[in-house]
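*Asks:* Okay, so here is final.cif, and as you'll see once you scroll down, it has mmCIF, C-alpha atoms.
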data_entry
loop_
_atom_site.group_PDB
_atom_site.id
_atom_site.type_symbol
_atom_site.label_atom_id
_atom_site.label_comp_id
_atom_site.auth_asym_id
_atom_site.auth_seq_id
_atom_site.Cartn_x
_atom_site.Cartn_y
_atom_site.Cartn_z
ATOM 1 C CA MET A 14 -28.313 -37.148 29.053
ATOM 2 C CA ASN A 15 -26.362 -40.098 27.575
ATOM 3 C CA SER A 16 -26.868 -38.622 24.099
ATOM 4 C CA THR A 17 -25.434 -35.281 25.232
ATOM 5 C CA ARG A 18 -22.415 -36.987 26.812
ATOM 6 C CA LYS A 19 -21.738 -38.922 23.617
ATOM 7 C CA MET A 20 -21.886 -35.719 21.555
ATOM 8 C CA ASN A 21 -19.531 -33.948 23.966
ATOM 9 C CA ARG A 22 -17.062 -36.853 23.825
ATOM 10 C CA LYS A 23 -17.293 -36.777 20.040
ATOM 11 C CA ALA A 24 -16.623 -33.017 19.958
ATOM 12 C CA ALA A 25 -13.699 -33.389 22.375
ATOM 13 C CA GLY A 26 -12.208 -36.122 20.221
ATOM 14 C CA LEU A 27 -12.583 -33.990 17.111
ATOM 15 C CA PHE A 28 -10.936 -31.047 18.858
ATOM 16 C CA LEU A 29 -7.937 -33.158 19.926
ATOM 17 C CA LEU A 30 -7.574 -34.543 16.419
ATOM 18 C CA LEU A 31 -7.668 -31.099 14.817
ATOM 19 C CA ALA A 32 -5.360 -29.625 17.436
ATOM 20 C CA GLY A 33 -2.893 -32.468 16.930
ATOM 21 C CA ILE A 34 -2.893 -31.958 13.168
ATOM 22 C CA THR A 35 -2.391 -28.214 13.670
ATOM 23 C CA VAL A 36 0.561 -28.667 16.041
ATOM 24 C CA ILE A 37 2.214 -31.149 13.669
ATOM 25 C CA GLY A 38 1.754 -28.691 10.819
ATOM 26 C CA LEU A 39 3.106 -25.769 12.817
ATOM 27 C CA ALA A 40 6.088 -27.702 14.163
ATOM 28 C CA GLY A 41 7.182 -28.527 10.633
ATOM 29 C CA SER A 42 7.010 -24.972 9.378
ATOM 30 C CA GLU A 43 9.981 -22.604 9.184
ATOM 31 C CA TRP A 44 8.234 -19.704 10.895
ATOM 32 C CA TYR A 45 7.361 -21.816 13.942
ATOM 33 C CA SER A 46 10.977 -22.875 14.428
ATOM 34 C CA LYS A 47 11.909 -19.313 15.396
ATOM 35 C CA PRO A 48 10.364 -17.222 18.184
ATOM 36 C CA VAL A 49 7.540 -14.966 17.058
ATOM 37 C CA GLN A 50 8.847 -11.499 17.848
ATOM 38 C CA SER A 51 6.764 -8.692 19.239
ATOM 39 C CA LYS A 52 7.064 -5.092 18.137
ATOM 40 C CA LYS A 53 8.755 -4.309 21.465
ATOM 41 C CA THR A 54 11.585 -6.778 20.815
ATOM 42 C CA LEU A 55 12.082 -5.962 17.125
ATOM 43 C CA ASN A 56 14.714 -3.262 17.849
ATOM 44 C CA ILE A 57 15.451 -1.998 14.323
ATOM 45 C CA ALA A 58 18.892 -0.347 14.356
ATOM 46 C CA ALA A 59 18.246 2.509 11.924
ATOM 47 C CA GLU A 60 17.098 6.105 12.059
ATOM 48 C CA ALA A 61 13.724 5.171 10.611
ATOM 49 C CA ALA A 62 11.936 2.083 9.337
ATOM 50 C CA ILE A 63 8.556 0.845 8.205
ATOM 51 C CA LEU A 64 6.911 -2.451 7.245
ATOM 52 C CA LEU A 65 3.930 -2.423 4.887
ATOM 53 C CA ASP A 66 1.461 -4.992 3.575
ATOM 54 C CA ALA A 67 1.749 -4.606 -0.200
ATOM 55 C CA GLN A 68 -1.767 -5.920 -0.824
ATOM 56 C CA THR A 69 -3.613 -3.568 1.510
ATOM 57 C CA GLY A 70 -1.165 -0.775 2.231
ATOM 58 C CA LYS A 71 -1.557 -1.471 5.963
ATOM 59 C CA VAL A 72 1.364 -0.432 8.177
ATOM 60 C CA ILE A 73 2.507 -3.432 10.239
ATOM 61 C CA TYR A 74 5.470 -1.775 11.976
ATOM 62 C CA GLU A 75 6.999 1.687 12.014
ATOM 63 C CA LYS A 76 9.822 3.526 13.708
ATOM 64 C CA ASN A 77 10.245 7.281 13.321
ATOM 65 C CA ALA A 78 8.409 6.815 10.014
ATOM 66 C CA ASN A 79 7.193 10.421 9.688
ATOM 67 C CA ALA A 80 10.607 12.077 10.006
ATOM 68 C CA ALA A 81 11.952 13.724 6.851
ATOM 69 C CA LEU A 82 15.339 12.182 6.080
ATOM 70 C CA PRO A 83 17.682 11.957 3.070
ATOM 71 C CA PRO A 84 16.777 8.775 1.144
ATOM 72 C CA ALA A 85 19.837 8.748 -1.131
ATOM 73 C CA SER A 86 19.237 6.633 -4.243
ATOM 74 C CA MET A 87 15.932 5.255 -2.990
ATOM 75 C CA SER A 88 14.517 8.444 -4.513
ATOM 76 C CA LYS A 89 15.337 6.945 -7.921
ATOM 77 C CA MET A 90 12.078 5.019 -7.549
ATOM 78 C CA MET A 91 10.370 8.290 -8.491
ATOM 79 C CA THR A 92 12.706 8.655 -11.487
ATOM 80 C CA GLU A 93 11.678 5.137 -12.498
ATOM 81 C CA LEU A 94 8.003 5.985 -12.025
ATOM 82 C CA VAL A 95 8.193 9.048 -14.275
ATOM 83 C CA VAL A 96 9.975 7.022 -16.980
ATOM 84 C CA LEU A 97 7.369 4.244 -16.774
ATOM 85 C CA ASP A 98 4.573 6.825 -16.951
ATOM 86 C CA ARG A 99 6.035 8.265 -20.148
ATOM 87 C CA VAL A 100 6.413 4.821 -21.715
ATOM 88 C CA ASN A 101 2.898 3.847 -20.652
ATOM 89 C CA ASP A 102 1.493 7.057 -22.157
ATOM 90 C CA GLY A 103 3.281 6.445 -25.460
ATOM 91 C CA LEU A 104 5.502 9.507 -25.057
ATOM 92 C CA LEU A 105 8.666 7.450 -24.777
ATOM 93 C CA LYS A 106 9.778 4.172 -26.340
ATOM 94 C CA TRP A 107 12.170 1.666 -24.834
ATOM 95 C CA SER A 108 14.103 1.654 -28.089
ATOM 96 C CA ASP A 109 14.513 5.456 -28.228
ATOM 97 C CA LYS A 110 18.138 6.578 -28.310
ATOM 98 C CA ILE A 111 19.386 9.131 -25.812
ATOM 99 C CA LYS A 112 22.515 11.203 -26.377
ATOM 100 C CA THR A 113 24.454 11.680 -23.149
ATOM 101 C CA SER A 114 25.577 15.059 -21.812
ATOM 102 C CA ARG A 115 28.847 16.032 -20.152
ATOM 103 C CA TYR A 116 27.013 16.475 -16.824
ATOM 104 C CA ALA A 117 25.508 12.978 -17.000
ATOM 105 C CA ALA A 118 28.862 11.437 -17.950
ATOM 106 C CA ASP A 119 30.731 13.139 -15.099
ATOM 107 C CA ALA A 120 28.158 12.582 -12.348
ATOM 108 C CA PRO A 121 29.739 11.064 -9.236
ATOM 109 C CA GLY A 122 28.842 7.781 -7.579
ATOM 110 C CA ALA A 123 27.606 4.599 -9.244
ATOM 111 C CA GLN A 124 27.811 4.765 -13.039
ATOM 112 C CA ILE A 125 27.544 2.923 -16.313
ATOM 113 C CA GLY A 126 30.719 4.793 -17.170
ATOM 114 C CA PHE A 127 29.783 6.300 -20.534
ATOM 115 C CA GLY A 128 31.291 9.407 -22.071
ATOM 116 C CA ALA A 129 29.604 12.579 -23.267
ATOM 117 C CA GLY A 130 27.961 12.351 -26.693
ATOM 118 C CA GLU A 131 27.314 8.603 -26.609
ATOM 119 C CA SER A 132 23.948 7.084 -27.526
ATOM 120 C CA TRP A 133 22.105 4.657 -25.256
ATOM 121 C CA THR A 134 18.589 3.275 -25.376
ATOM 122 C CA VAL A 135 15.947 4.190 -22.839
ATOM 123 C CA ARG A 136 15.786 0.543 -21.777
ATOM 124 C CA GLU A 137 19.524 0.324 -21.109
ATOM 125 C CA LEU A 138 19.521 3.513 -19.075
ATOM 126 C CA PHE A 139 16.398 2.490 -17.152
ATOM 127 C CA GLU A 140 17.776 -0.948 -16.271
ATOM 128 C CA ALA A 141 21.136 0.535 -15.227
ATOM 129 C CA THR A 142 19.314 3.037 -12.997
ATOM 130 C CA THR A 143 17.065 0.400 -11.477
ATOM 131 C CA VAL A 144 19.515 -2.462 -10.940
ATOM 132 C CA HIS A 145 22.915 -0.786 -10.585
ATOM 133 C CA SER A 146 21.672 2.603 -9.281
ATOM 134 C CA ALA A 147 23.679 4.342 -12.000
ATOM 135 C CA ASN A 148 23.595 8.112 -11.508
ATOM 136 C CA ASP A 149 24.798 8.896 -15.021
ATOM 137 C CA ALA A 150 21.918 6.844 -16.462
ATOM 138 C CA ALA A 151 19.306 8.546 -14.251
ATOM 139 C CA ILE A 152 20.509 12.006 -15.267
ATOM 140 C CA ALA A 153 20.563 11.102 -18.960
ATOM 141 C CA LEU A 154 16.940 9.932 -18.714
ATOM 142 C CA ALA A 155 15.915 13.072 -16.833
ATOM 143 C CA GLU A 156 17.547 15.436 -19.336
ATOM 144 C CA HIS A 157 16.031 13.591 -22.296
ATOM 145 C CA ILE A 158 12.505 13.523 -20.868
ATOM 146 C CA ALA A 159 12.289 17.083 -19.531
ATOM 147 C CA GLY A 160 15.080 18.964 -21.323
ATOM 148 C CA SER A 161 16.959 19.541 -18.061
ATOM 149 C CA GLU A 162 17.267 17.921 -14.666
ATOM 150 C CA LYS A 163 15.680 20.977 -13.052
ATOM 151 C CA LYS A 164 12.511 20.559 -15.121
ATOM 152 C CA PHE A 165 12.516 16.821 -14.499
ATOM 153 C CA VAL A 166 12.601 17.483 -10.746
ATOM 154 C CA GLN A 167 9.453 19.569 -11.133
ATOM 155 C CA MET A 168 7.814 16.529 -12.715
ATOM 156 C CA MET A 169 9.003 14.350 -9.837
ATOM 157 C CA ASN A 170 7.528 16.623 -7.201
ATOM 158 C CA GLU A 171 4.245 16.989 -9.071
ATOM 159 C CA ARG A 172 3.987 13.200 -9.363
ATOM 160 C CA GLY A 173 4.674 12.889 -5.657
ATOM 161 C CA LYS A 174 1.677 15.083 -4.878
ATOM 162 C CA GLU A 175 -0.494 13.097 -7.310
ATOM 163 C CA ILE A 176 0.201 9.802 -5.575
ATOM 164 C CA GLY A 177 -0.388 11.252 -2.130
ATOM 165 C CA LEU A 178 3.073 11.727 -0.665
ATOM 166 C CA SER A 179 3.193 14.052 2.332
ATOM 167 C CA ASP A 180 4.292 17.693 2.298
ATOM 168 C CA LYS A 181 7.613 16.530 3.751
ATOM 169 C CA ALA A 182 8.458 14.707 0.500
ATOM 170 C CA VAL A 183 10.877 16.813 -1.557
ATOM 171 C CA PHE A 184 12.792 15.640 -4.623
ATOM 172 C CA GLY A 185 15.872 17.774 -5.266
ATOM 173 C CA ASN A 186 17.405 15.893 -8.210
ATOM 174 C CA ALA A 187 17.002 12.750 -10.305
ATOM 175 C CA THR A 188 19.565 10.665 -8.414
ATOM 176 C CA GLY A 189 19.292 11.214 -4.671
ATOM 177 C CA LEU A 190 22.822 12.642 -4.513
ATOM 178 C CA SER A 191 23.493 15.398 -1.983
ATOM 179 C CA MET A 192 23.666 19.053 -3.025
ATOM 180 C CA THR A 193 27.397 19.096 -2.286
ATOM 181 C CA ASP A 194 27.897 16.341 -4.876
ATOM 182 C CA LEU A 195 26.296 18.452 -7.592
ATOM 183 C CA VAL A 196 27.278 22.085 -6.990
ATOM 184 C CA ALA A 197 30.183 21.790 -9.458
ATOM 185 C CA PHE A 198 27.756 21.130 -12.322
ATOM 186 C CA PRO A 199 25.898 24.206 -13.663
ATOM 187 C CA GLU A 200 23.355 21.933 -15.393
ATOM 188 C CA ALA A 201 22.483 20.082 -12.189
ATOM 189 C CA SER A 202 19.435 20.560 -10.028
ATOM 190 C CA ALA A 203 21.265 21.434 -6.834
ATOM 191 C CA SER A 204 19.168 24.081 -5.098
ATOM 192 C CA ARG A 205 17.686 21.780 -2.419
ATOM 193 C CA GLU A 206 18.197 18.426 -0.786
ATOM 194 C CA THR A 207 16.024 15.400 -1.451
ATOM 195 C CA GLU A 208 14.105 14.356 1.658
ATOM 196 C CA LEU A 209 11.489 11.660 2.235
ATOM 197 C CA THR A 210 9.926 10.060 5.254
ATOM 198 C CA ALA A 211 10.081 6.288 5.598
ATOM 199 C CA LYS A 212 6.304 6.283 5.189
ATOM 200 C CA ASP A 213 6.515 8.317 1.971
ATOM 201 C CA THR A 214 9.253 6.030 0.648
ATOM 202 C CA ALA A 215 7.111 2.968 1.354
ATOM 203 C CA LYS A 216 4.100 4.634 -0.251
ATOM 204 C CA LEU A 217 6.172 5.405 -3.361
ATOM 205 C CA ALA A 218 7.345 1.778 -3.554
ATOM 206 C CA TYR A 219 3.775 0.557 -3.005
ATOM 207 C CA TYR A 220 2.466 2.741 -5.819
ATOM 208 C CA LEU A 221 5.336 1.863 -8.176
ATOM 209 C CA ILE A 222 4.937 -1.913 -7.955
ATOM 210 C CA SER A 223 1.133 -1.720 -7.891
ATOM 211 C CA LYS A 224 0.882 0.383 -11.055
ATOM 212 C CA TYR A 225 3.840 -1.171 -12.856
ATOM 213 C CA PRO A 226 4.414 -4.683 -11.432
ATOM 214 C CA GLU A 227 6.659 -5.407 -14.412
ATOM 215 C CA VAL A 228 9.353 -3.313 -12.716
ATOM 216 C CA LEU A 229 9.913 -6.305 -10.416
ATOM 217 C CA GLU A 230 11.096 -8.303 -13.426
ATOM 218 C CA VAL A 231 13.971 -5.816 -13.641
ATOM 219 C CA THR A 232 14.697 -5.393 -9.926
ATOM 220 C CA ALA A 233 14.825 -9.182 -9.490
ATOM 221 C CA ARG A 234 17.904 -9.447 -11.734
ATOM 222 C CA ASP A 235 21.326 -9.857 -10.195
ATOM 223 C CA SER A 236 22.863 -7.958 -13.109
ATOM 224 C CA VAL A 237 22.013 -6.337 -16.432
ATOM 225 C CA LYS A 238 23.817 -6.771 -19.741
ATOM 226 C CA LEU A 239 24.101 -3.607 -21.798
ATOM 227 C CA THR A 240 23.873 -4.108 -25.564
ATOM 228 C CA SER A 241 25.898 -0.961 -26.220
ATOM 229 C CA SER A 242 28.932 -2.340 -24.395
ATOM 230 C CA ASP A 243 30.472 -5.499 -22.991
ATOM 231 C CA ALA A 244 29.724 -4.367 -19.461
ATOM 232 C CA ARG A 245 27.491 -6.324 -17.108
ATOM 233 C CA LEU A 246 26.311 -4.147 -14.246
ATOM 234 C CA GLN A 247 25.783 -5.864 -10.907
ATOM 235 C CA THR A 248 22.818 -5.322 -8.634
ATOM 236 C CA THR A 249 23.215 -3.376 -5.409
ATOM 237 C CA ASN A 250 20.524 -5.515 -3.710
ATOM 238 C CA MET A 251 22.276 -8.115 -1.569
ATOM 239 C CA MET A 252 18.999 -9.803 -0.573
ATOM 240 C CA LEU A 253 18.348 -11.426 -3.940
ATOM 241 C CA SER A 254 18.797 -15.175 -4.354
ATOM 242 C CA GLY A 255 22.446 -16.187 -4.209
ATOM 243 C CA LYS A 256 23.534 -12.966 -2.497
ATOM 244 C CA PRO A 257 25.012 -12.695 1.032
ATOM 245 C CA PHE A 258 21.720 -11.639 2.648
ATOM 246 C CA ALA A 259 19.372 -13.619 0.394
ATOM 247 C CA TYR A 260 15.781 -13.727 1.641
ATOM 248 C CA PRO A 261 13.118 -16.061 0.190
ATOM 249 C CA GLY A 262 10.882 -14.263 -2.267
ATOM 250 C CA ASN A 263 12.920 -11.056 -2.378
ATOM 251 C CA ASP A 264 12.757 -9.414 -5.809
ATOM 252 C CA GLY A 265 13.626 -5.780 -5.179
ATOM 253 C CA LEU A 266 13.618 -2.908 -4.720
ATOM 254 C CA LYS A 267 16.156 -0.044 -4.227
ATOM 255 C CA THR A 268 19.296 0.655 -2.217
ATOM 256 C CA GLY A 269 20.711 4.020 -1.296
ATOM 257 C CA TYR A 270 23.804 5.546 0.280
ATOM 258 C CA THR A 271 25.299 8.974 0.771
ATOM 259 C CA GLU A 272 27.381 10.234 3.667
ATOM 260 C CA ARG A 273 24.444 12.393 4.709
ATOM 261 C CA ALA A 274 21.810 9.641 4.417
ATOM 262 C CA GLY A 275 23.727 6.658 5.703
ATOM 263 C CA TYR A 276 22.830 3.223 4.367
ATOM 264 C CA CYS A 277 19.260 2.780 3.145
ATOM 265 C CA PHE A 278 17.156 0.083 1.540
ATOM 266 C CA THR A 279 13.621 -0.292 0.276
ATOM 267 C CA GLY A 280 12.939 -4.005 0.033
ATOM 268 C CA THR A 281 10.080 -6.234 -1.028
ATOM 269 C CA ALA A 282 9.474 -9.965 -0.833
ATOM 270 C CA LYS A 283 6.600 -12.321 -1.620
ATOM 271 C CA VAL A 284 6.090 -15.554 0.319
ATOM 272 C CA ASP A 285 3.050 -17.847 0.038
ATOM 273 C CA GLY A 286 1.181 -15.199 -1.924
ATOM 274 C CA LYS A 287 1.857 -12.483 0.652
ATOM 275 C CA ARG A 288 3.963 -9.467 -0.380
ATOM 276 C CA LEU A 289 5.571 -7.076 2.085
ATOM 277 C CA ILE A 290 7.404 -3.783 1.572
ATOM 278 C CA THR A 291 10.116 -2.568 3.940
ATOM 279 C CA VAL A 292 12.066 0.665 4.270
ATOM 280 C CA VAL A 293 15.218 1.095 6.361
ATOM 281 C CA MET A 294 16.798 4.558 6.512
ATOM 282 C CA GLY A 295 20.058 5.628 8.100
ATOM 283 C CA ALA A 296 21.550 2.244 8.987
ATOM 284 C CA GLY A 297 25.149 2.314 10.195
ATOM 285 C CA THR A 298 26.703 -0.017 7.623
ATOM 286 C CA ALA A 299 26.007 -1.474 4.208
ATOM 287 C CA ASP A 300 25.328 -4.869 5.779
ATOM 288 C CA ALA A 301 23.132 -3.469 8.540
ATOM 289 C CA ARG A 302 20.498 -2.167 6.125
ATOM 290 C CA PHE A 303 19.957 -5.735 4.893
ATOM 291 C CA GLU A 304 20.159 -7.301 8.361
ATOM 292 C CA GLU A 305 17.485 -4.921 9.646
ATOM 293 C CA THR A 306 15.354 -5.607 6.579
ATOM 294 C CA GLN A 307 15.605 -9.339 7.320
ATOM 295 C CA LYS A 308 14.237 -8.654 10.797
ATOM 296 C CA LEU A 309 11.306 -6.688 9.394
ATOM 297 C CA LEU A 310 10.441 -9.303 6.788
ATOM 298 C CA HIS A 311 10.701 -12.161 9.276
ATOM 299 C CA TYR A 312 8.448 -10.317 11.706
ATOM 300 C CA GLY A 313 5.958 -9.488 8.953
ATOM 301 C CA PHE A 314 5.696 -13.003 7.567
ATOM 302 C CA GLN A 315 5.531 -14.519 11.064
ATOM 303 C CA THR A 316 2.678 -12.185 11.915
ATOM 304 C CA SER A 317 0.907 -13.024 8.662
ATOM 305 C CA LYS A 318 1.213 -16.782 9.209
ATOM 306 C CA PHE A 319 0.113 -16.509 12.834
ATOM 307 C CA ASP A 320 -2.956 -14.489 11.814
ATOM 308 C CA SER A 321 -3.775 -17.102 9.169
ATOM 309 C CA TRP A 322 -3.391 -19.845 11.793
ATOM 310 C CA LYS A 323 -5.772 -18.006 14.151
ATOM 311 C CA ILE A 324 -8.371 -17.686 11.379
ATOM 312 C CA ASP A 325 -7.964 -21.355 10.532
ATOM 313 C CA MET A 326 -8.318 -22.380 14.180
ATOM 314 C CA SER A 327 -11.437 -20.206 14.544
ATOM 315 C CA ALA A 328 -12.987 -22.088 11.645
ATOM 316 C CA LYS A 329 -12.037 -25.435 13.224
ATOM 317 C CA ILE A 330 -13.482 -24.406 16.573
ATOM 318 C CA GLY A 331 -16.660 -23.457 14.746
ATOM 319 C CA LEU A 332 -16.831 -26.990 13.333
ATOM 320 C CA ILE A 333 -16.327 -28.442 16.819
ATOM 321 C CA ALA A 334 -19.060 -26.249 18.249
ATOM 322 C CA ALA A 335 -21.413 -27.313 15.459
ATOM 323 C CA ALA A 336 -20.599 -30.969 16.118
ATOM 324 C CA ALA A 337 -21.334 -30.519 19.816
ATOM 325 C CA ARG A 338 -24.796 -29.087 19.196
#
Taking this structure as input, can you express it in the form of structure tokens?

*Replies:*
Amino acid sequence: MNSTRKMNRKAAGLFLLLAGITVIGLAGSEWYSKPVQSKKTLNIAAEAAILLDAQTGKVIYEKNANAALPPASMSKMMTELVVLDRVNDGLLKWSDKIKTSRYAADAPGAQIGFGAGESWTVRELFEATTVHSANDAAIALAEHIAGSEKKFVQMMNERGKEIGLSDKAVFGNATGLSMTDLVAFPEASASRETELTAKDTAKLAYYLISKYPEVLEVTARDSVKLTSSDARLQTTNMMLSGKPFAYPGNDGLKTGYTERAGYCFTGTAKVDGKRLITVVMGAGTADARFEETQKLLHYGFQTSKFDSWKIDMSAKIGLIAAAAR
């Protein structure tokens, strides 16, 4: 009996020691200093949103994630994917020169600002598309790769099916611009609108960074310097380090805006070896898309750390139980 009591006292002492160490560790951590939100209190102010574990593809949170909505320039992630596929297959070189068309030069929205008949490298156009969301660059790449934007769009939609996007995923052009923005251009692909669900957008981002993780080296830049000009194009991602909505570990991925789509953002961040992917569609303001993304990331990393803590505590309790036997 005395032996059993001694063992129980020993186990209780070990438990208190481990618990004390755990509480000290938790109290000093950033995630513990803020309330751990529940899905019910998350309240994402956007038409649709989703939070994804980039290692497993598991959906952590979703709101209206299966509704087909205009993604604006977030659809350029598919343009990027097709370009990277061509480079990977040896059908396109980063140093290849592309001659720009009148349609590409006159495309509305974000631009490099080149004129018709100029020559730019694939790398310059890709980086301008990825970092600055340049519509003229995306169109120039599309026309060079497929001969026309219409044919390039066929490639985009075929690639979407290959990677498992839903039947609701439709790519109408290489930029994510609305049909009304393109009807004045006979060369444009303007016969249908681009629509994606939040889930499809997240799946596209997941596939893109899984197959070509090097794209994050580009999306992590706050600007790109073009060798063909003196211009330095600024990022549209305000969650990178040093930006107004900077979030630890954020290194991408793609913004979007049209009047029809509202303000959109596909984001990704890696903290303590854990990478998350977020999509916010139809936010009310440019700032709101980043504020809502912050909420999603904070919730996701809190949840991840809390799950890790529970696993760690289970292991400690197992040690206590073994000591008590």

*Asks:* Identify, on the basis of all atoms listed in the file, every residue whose closest approach to Ser161 of chain A does not exceed 9 Å; exclude the query and any residue fewer than 4 positions from it along the same chain; express the result as a PyMOL selection string.

*Replies:* chain A and resi 152+155-157+165-166+200-202

*Asks:* Please provide as JSON, numbers by chain all residues within 12 Å of Thr214 of chain A, with the sequence filter that same-chain residues fewer than 2 positions apart are discarded (counting all atoms listed in the file).

*Replies:* {"A": [61, 62, 63, 64, 65, 78, 79, 80, 81, 82, 83, 84, 85, 86, 87, 88, 89, 90, 91, 173, 176, 177, 178, 179, 181, 182, 183, 184, 207, 208, 209, 210, 211, 212, 216, 217, 218, 219, 220, 221, 266, 267, 268, 269, 277, 278, 279, 280, 290, 291, 292, 293, 294]}

*Asks:* Quick one: of A:Lys224, A:Gly70, A:Met169, A:Asn148, who's nearest to Ala120 of chain A, counting only C-alpha atoms?

*Replies:*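 Of A:Lys224, A:Gly70, A:Met169, A:Asn148, the one nearest Ala120 of chain A, counting only C-alpha atoms, is A:Asn148.
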
*Asks:* Counting all atoms listed in the file, which of A:Val100, A:Ala282, A:Met192, A:Ala197 gets nearest to Ile158 of chain A?

*Replies:*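 Selected residue with least distance to Ile158 of chain A: A:Val100.
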
*Asks:* Could you tell me, as a list in words, which residues have any atom at most 12 Å from (-6.4, -7.9, 0.7), counting all atoms listed in the file?

*Replies:*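 Result, sorted by chain then residue number: Asp66, Ala67, Gln68, Thr69, Gly70, Lys71, Gly286, Lys287, Arg288 and Ser317 of chain A.
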
*Asks:* What is the distance, in Å and to one decimal place, between atom CA of Thr113 of chain A and atom CA of Pro226 of chain A?

*Replies:*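 Computing the Euclidean distance for atom CA of Thr113 of chain A and atom CA of Pro226 of chain A yields 28.4 Å.
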
*Asks:* Using all atoms listed in the file, find the one residue out of A:Glu206, A:Glu175, A:Asp119, A:Glu93 that sits nearest to Leu138 of chain A.

*Replies:* A:Glu93

*Asks:* Which residues are close to Asp235 of chain A, i.e. within 7 Å by only C-alpha atoms, leaving aside same-chain residues fewer than 2 positions away? Reply as a VMD selection string.

*Replies:* chain A and resid 233 247 to 248

*Asks:* For the residues in the current selection, export C-alpha atoms as a JSON list (two decimals), keeping the file's coordinate frame.

*Replies:*
[["chain", "number", "residue", "atom", "x", "y", "z"],
["A", 233, "ALA", "CA", 14.82, -9.18, -9.49],
["A", 247, "GLN", "CA", 25.78, -5.86, -10.91],
["A", 248, "THR", "CA", 22.82, -5.32, -8.63]]

*Asks:* Decode the PyMOL selection byres ((chain A and resi 245) around 10) for the given file into explicit residues and return them as JSON, numbers by chain.

*Replies:* {"A": [125, 141, 145, 235, 236, 237, 238, 239, 240, 242, 243, 244, 246, 247, 248]}

*Asks:* Distance atom CA of Asn250 of chain A-atom CA of Val144 of chain A, one decimal place?

*Replies:*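 Between atom CA of Asn250 of chain A and atom CA of Val144 of chain A the gap is 7.9 Å.
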
*Asks:* Calculate how many Å separate atom CA of Ala274 of chain A from atom CA of Gly297 of chain A, rounding to one decimal.

*Replies:*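 Computing it gives 9.9 Å between the two atoms.
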
*Asks:* Using all atoms listed in the file, which of A:Ile73, A:Gly185, A:Glu171, A:Ser254 sits nearest Ala215 of chain A?

*Replies:* A:Ile73

*Asks:* Which residue out of A:Ala123, A:Ile111, A:Ile57, A:Met251 has the minimum interatomic distance to Gly160 of chain A when all atoms listed in the file are used?

*Replies:* A:Ile111

*Asks:* Tell me which of A:Thr316, A:Ser191, A:Ser241, A:Ser223 sits closest to Arg273 of chain A, counting all atoms listed in the file.

*Replies:* A:Ser191

*Asks:* Taking all atoms of segment 234-248 of chain A that the file lists and extending 4 Å past them on each side, where is the centre of the axis-aligned box and how long are its edges? Answer in Å to one decimal, as lines of an AutoDock Vina configuration file.

*Replies:*
center_x = 24.2
center_y = -5.4
center_z = -17.4
size_x = 20.6
size_y = 16.9
size_z = 25.6

*Asks:* What would the selection look like, as a list in words, if the PyMOL selection byres ((chain A and resi 136) around 10) were run on the coordinates I just shared?

*Replies:*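 Applying the PyMOL selection byres ((chain A and resi 136) around 10) to the structure shown produces Val96, Lys106, Trp107, Ser108, Asp109, Lys110, Trp133, Thr134, Val135, Glu137, Leu138, Phe139, Glu140, Ala141, Thr142, Leu154 and Leu239 of chain A.
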
*Asks:* Within 8 Å of (5.0, -0.7, -15.9), in the coordinates the file gives, what residues turn up when you count all atoms listed in the file, written out as a ChimeraX atom specification?

*Replies:* /A:97-98,101,224-228

*Asks:* Could you please fill out segment 214-220 of chain A with N, CA, C and O atoms and send it back as a short mmCIF file (atom, residue, chain, number, x, y, z; two decimals), keeping the file's coordinate frame?

*Replies:*
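Just written: result_15.cif:
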data_model
loop_
_atom_site.label_atom_id
_atom_site.label_comp_id
_atom_site.auth_asym_id
_atom_site.auth_seq_id
_atom_site.Cartn_x
_atom_site.Cartn_y
_atom_site.Cartn_z
N THR A 214 8.45 6.93 1.47
CA THR A 214 9.25 6.03 0.65
C THR A 214 8.51 4.71 0.42
O THR A 214 8.48 4.19 -0.70
N ALA A 215 7.89 4.20 1.48
CA ALA A 215 7.11 2.97 1.35
C ALA A 215 5.90 3.17 0.46
O ALA A 215 5.54 2.30 -0.34
N LYS A 216 5.27 4.33 0.59
CA LYS A 216 4.10 4.63 -0.25
C LYS A 216 4.50 4.72 -1.72
O LYS A 216 3.78 4.25 -2.61
N LEU A 217 5.66 5.33 -2.00
CA LEU A 217 6.17 5.40 -3.36
C LEU A 217 6.43 4.01 -3.92
O LEU A 217 6.05 3.69 -5.06
N ALA A 218 7.08 3.16 -3.12
CA ALA A 218 7.34 1.78 -3.55
C ALA A 218 6.04 1.02 -3.79
O ALA A 218 5.90 0.29 -4.79
N TYR A 219 5.09 1.20 -2.90
CA TYR A 219 3.78 0.56 -3.00
C TYR A 219 3.07 0.96 -4.30
O TYR A 219 2.55 0.11 -5.03
N TYR A 220 3.11 2.25 -4.60
CA TYR A 220 2.47 2.74 -5.82
C TYR A 220 3.20 2.22 -7.06
O TYR A 220 2.57 1.78 -8.02
#
